[in-house]
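Each remark here refers to the structure printed beneath this line.
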Amino acid sequence: MRKLVLIVIDGLTPTALERGIESGTCPTISQLAAAGQLGRAISAFPSLTPVCLTSIATGALPGIHHIPHLVWFDREQGRVVEYGSSFAAARRSGALRWWRDTIYAMNAEHLSPEAVTVFEALEDEGLRAAGINVTCYRGRQRHSPLVPGVARPVLGPSRFFFYGLFESCDTGTSSTAVFKRASGSVDGYAETAGRWLVTRDDFDFLFYYLSDNDYISHAFGPEGTDEGLRRADRSIATIVEAAGGIDSFLERYDVLLCSDHGQMPVREGVRLERCFDDLSLAGRHALRRAQIALTASNRAAMVYRLAGCPLESPELALRLEGDPSVEVVCYRDGADAVALRKGAELRFAPAGKGWRTSGEERVLDQPDARERLWSALANPNAGEILISAAPEVEFTDIAGRHHAVGGSHGSLERGDSEVPMLAVGIERLPASIAEVAPTVLRHFGIEPPSYSTVPPLAV
Ligand SMILES: [Zn+2]
């Protein structure tokens, strides 16, 4: 059984990668592409990192894994959960809360017990799994934090390196990586951990997550710079060199490389709250008086109907549909889902292996739109109404922040939703990011969880 390295470069678009290969910006990835196959795959909706990395790690869409967005409303606790739409939004939601939600609760509470992470599935079969900086890290082994004054342990894979806060082994790196992003030190931390693991060949499966590209692409736009890709390539070169160069690396490991979502240019930040000026919004009014909760960030938003909301879901959806910043609004209506787009409507529901639909098909011409929306609506942590932004628009977060003029993602649109998919030593390229974990498990001869829809390869 051959070992496998999964590399995820946050926010890398297929076009940026193809351009980089052509222009020589990413020599190491080019070598991997030459040794294997390069294609494209589809992300989850909303196409935002906490949702997508969880889909990559569990092989499930949000209806199964239950992570709904970067920011969402916890109905049981009556509060907004903020994973970090922006530093300002994190501060606004309460720095301690943000810390607890992002570091602990996302894995220990929000991630559904029904979902199985690739770390859990592999280590249950006696294989050694390693995770570097992956936000969906749930595993079987206890790790105590390295930060003084923080005591609560987490359950992660046996080889676990998480922003210097948790480390299964001391590699001699500093524990402040998370605070020095602009200088590139988040991926610098990942490199140190990756070099350490590859030098010792101390795993069967390594999940190597590089986040700096997304940060750079938000600032300059997906077409604005190749610096993110250049840096990611350097981080990959670090682990390749740790194995003794590309030939020895590929002798030892098969490789999957993808991103979690794409990015599109944004020109304008819009306060979606403007659609509901006559209603009491959670956060703006005391919770007992709030009629709806609106959670918006990047290019996706959700509306939660709270007790006392005078409008039904179709009425709320119609208001949103009329706003120029909105491309698609979707909600459940009995056994159907209803999607609205600029005056047109499509009703849909699963039927056998396909879909039963009525209305105008052009409403959902985005990649895998029905499947992705259906699963997002089935998530108990999601709002009743899901919103996908119009081209070039971003919704402002709770602190009023946005990335205009730069890059963003989150919507159903192809640019936000399409990712590069590169494989070396793997027969079939995953067509969706939710096919990555089942592909990894099958590679090791392990049957994926029953919710996986990926058929086994014909023998
Ligand atoms: Zn992002």
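Going through the structure tokens in order, the chains are called A, B, and so on, while each chain numbers its residues from 1 and the ligands are numbered from 1 in the order shown.
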Residues at most 12 Å from ligand 1, using only C-alpha atoms and all ligand atoms? Could they come as a PyMOL selection string? chain A and resi 9-13+46-53+69-70+83-86+211-219+221-222+259-264+297-300+394+402-403+406-411+416
List the neighbours of Ala434 of chain A out to 6 Å using only C-alpha atoms; skip same-chain residues closer than 6 positions along the sequence, and give me the result as a ChimeraX atom specification. /A:55-56,59-60
Could you save those same residues with N, CA, C and O atoms as a PDB file, in the first residue's frame?
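So again-v5.pdb came out as:
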```
ATOM      1  N   SER A  55     -15.775  19.398   4.072  1.00  0.00           N
ATOM      2  CA  SER A  55     -16.191  18.474   3.009  1.00  0.00           C
ATOM      3  C   SER A  55     -15.007  17.639   2.507  1.00  0.00           C
ATOM      4  O   SER A  55     -15.147  16.448   2.251  1.00  0.00           O
ATOM      5  N   ILE A  56     -13.847  18.279   2.389  1.00  0.00           N
ATOM      6  CA  ILE A  56     -12.659  17.532   1.940  1.00  0.00           C
ATOM      7  C   ILE A  56     -12.290  16.474   2.990  1.00  0.00           C
ATOM      8  O   ILE A  56     -11.998  15.331   2.660  1.00  0.00           O
ATOM      9  N   GLY A  59     -15.618  13.887   3.275  1.00  0.00           N
ATOM     10  CA  GLY A  59     -16.264  13.308   2.099  1.00  0.00           C
ATOM     11  C   GLY A  59     -17.765  13.563   2.079  1.00  0.00           C
ATOM     12  O   GLY A  59     -18.512  12.851   1.410  1.00  0.00           O
ATOM     13  N   ALA A  60     -18.212  14.568   2.814  1.00  0.00           N
ATOM     14  CA  ALA A  60     -19.647  14.854   2.906  1.00  0.00           C
ATOM     15  C   ALA A  60     -19.913  16.309   2.547  1.00  0.00           C
ATOM     16  O   ALA A  60     -19.064  17.177   2.731  1.00  0.00           O
TER      17      ALA A  60
END
```
Extract, using only C-alpha atoms, all DNA, RNA and protein residues at most 9 Å from segment 27-42 of chain A, discarding same-chain residues fewer than 4 positions from it, and format them as an MDAnalysis selection string. chainID A and resid 14 17 20:22 230 233:234 236:237 240 246 250 255 257:258 261 367:368 414 417:426 429:434
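Of the listed residues (A:Ser358, A:Asp204, A:Gln291, A:Ser112), A:Asp204 comes nearest to Glu125 of chain A; the distances count only C-alpha atoms.
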May I have the residues within 7 Å of Phe162 of chain A as a PyMOL selection string, using only C-alpha atoms and disregarding those fewer than 5 positions away in the same chain? chain A and resi 132-133+167
Keeping only N, CA and C atoms, write the selected residues as a short mmCIF file (atom, residue, chain, number, x, y, z; two decimals), in the first residue's frame.
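Contents of out-v2.cif, as written:
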```cif
data_model
loop_
_atom_site.label_atom_id
_atom_site.label_comp_id
_atom_site.auth_asym_id
_atom_site.auth_seq_id
_atom_site.Cartn_x
_atom_site.Cartn_y
_atom_site.Cartn_z
N ILE A 132 -1.78 18.93 9.12
CA ILE A 132 -1.09 20.20 9.39
C ILE A 132 -2.04 21.36 9.10
N ASN A 133 -2.41 22.09 10.13
CA ASN A 133 -3.24 23.30 10.04
C ASN A 133 -4.65 23.08 9.48
N GLU A 167 0.73 20.53 19.01
CA GLU A 167 1.76 19.84 18.23
C GLU A 167 1.98 18.47 18.86
#
```
A:Arg200, A:Arg341, A:Arg159, A:Lys353: which is nearest Asp365 of chain A, counting only C-alpha atoms?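 For Asp365 of chain A, the nearest of the given residues is A:Arg341.
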Those of segment 64-251 of chain A in DSSP alpha helix (DSSP H), formatted as a count of residues only: 67
Give me, as a PyMOL selection string, all polymer residues having an atom no more than 10 Å from Asp202 of chain A, counting only C-alpha atoms and skipping those fewer than 5 positions away in the same chain. chain A and resi 128-130+159+196-197
Segment 164-230 of chain A: residues DSSP assigns to strand (DSSP E), reported as a PyMOL selection string: chain A and resi 166-167+205-210
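Across the structure, atom CA of Tyr253 of chain A and atom CA of Leu4 of chain A are spaced 5.1 Å apart.
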Please report as CSV every residue of segment 280-308 of chain A lying within 7 Å of segment 372-385 of chain A, along with the nearest atom pair and their distance in Å (one decimal), using only C-alpha atoms.
```
residue,atom,partner,partner_atom,distance
A:Met302,CA,A:Gly383,CA,5.1
A:Val303,CA,A:Gly383,CA,5.0
A:Tyr304,CA,A:Gly383,CA,4.4
A:Arg305,CA,A:Glu384,CA,6.8
```
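The space separating atom CA of Leu364 of chain A from atom CA of Glu315 of chain A comes to 20.3 Å.
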Would you give me, as JSON lines, each residue of segment 20-63 of chain A having an atom within 10 Å of an atom of segment 88-111 of chain A, along with its shortest atom pair and that distance in Å to one decimal, using only C-alpha atoms and sorting by chain and residue number?
```
{"residue": "A:Pro50", "atom": "CA", "partner": "A:Met106", "partner_atom": "CA", "distance": 8.7}
{"residue": "A:Thr54", "atom": "CA", "partner": "A:Leu111", "partner_atom": "CA", "distance": 8.3}
{"residue": "A:Thr58", "atom": "CA", "partner": "A:Leu111", "partner_atom": "CA", "distance": 9.9}
{"residue": "A:Pro62", "atom": "CA", "partner": "A:Leu111", "partner_atom": "CA", "distance": 9.5}
```
For Ile387 of chain A, which residue out of A:Val147, A:Gly172, A:Val326, A:Phe45 is the nearest one, using only C-alpha atoms?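 That would be A:Val326, the residue with the smallest distance to Ile387 of chain A.
The shortest atom-to-atom distance to Asp278 of chain A, with only C-alpha atoms taken into account, belongs to A:Pro310 out of A:Pro310, A:Gly244, A:Gly400, A:Pro324.
In this structure, atom CA of Glu114 of chain A sits 14.2 Å away from atom CA of Cys136 of chain A.
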Nearest to Ala404 of chain A by atom-to-atom distance, counting only C-alpha atoms, from A:Val270, A:Ala349, A:Val134, A:Cys309: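 Selected residue with least distance to Ala404 of chain A: A:Val270.
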Under the rule that only C-alpha atoms are counted, which of A:Ser23, A:Arg138, A:His66, A:Ile7 is the nearest residue to Gly194 of chain A?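 Selected residue with least distance to Gly194 of chain A: A:Ile7.
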Set the distance at 7 Å and use only C-alpha atoms: which residues neighbour Glu392 of chain A once local chain neighbours fewer than 6 positions away are removed? I'd like the list as an MDAnalysis selection string. chainID A and resid 265:268
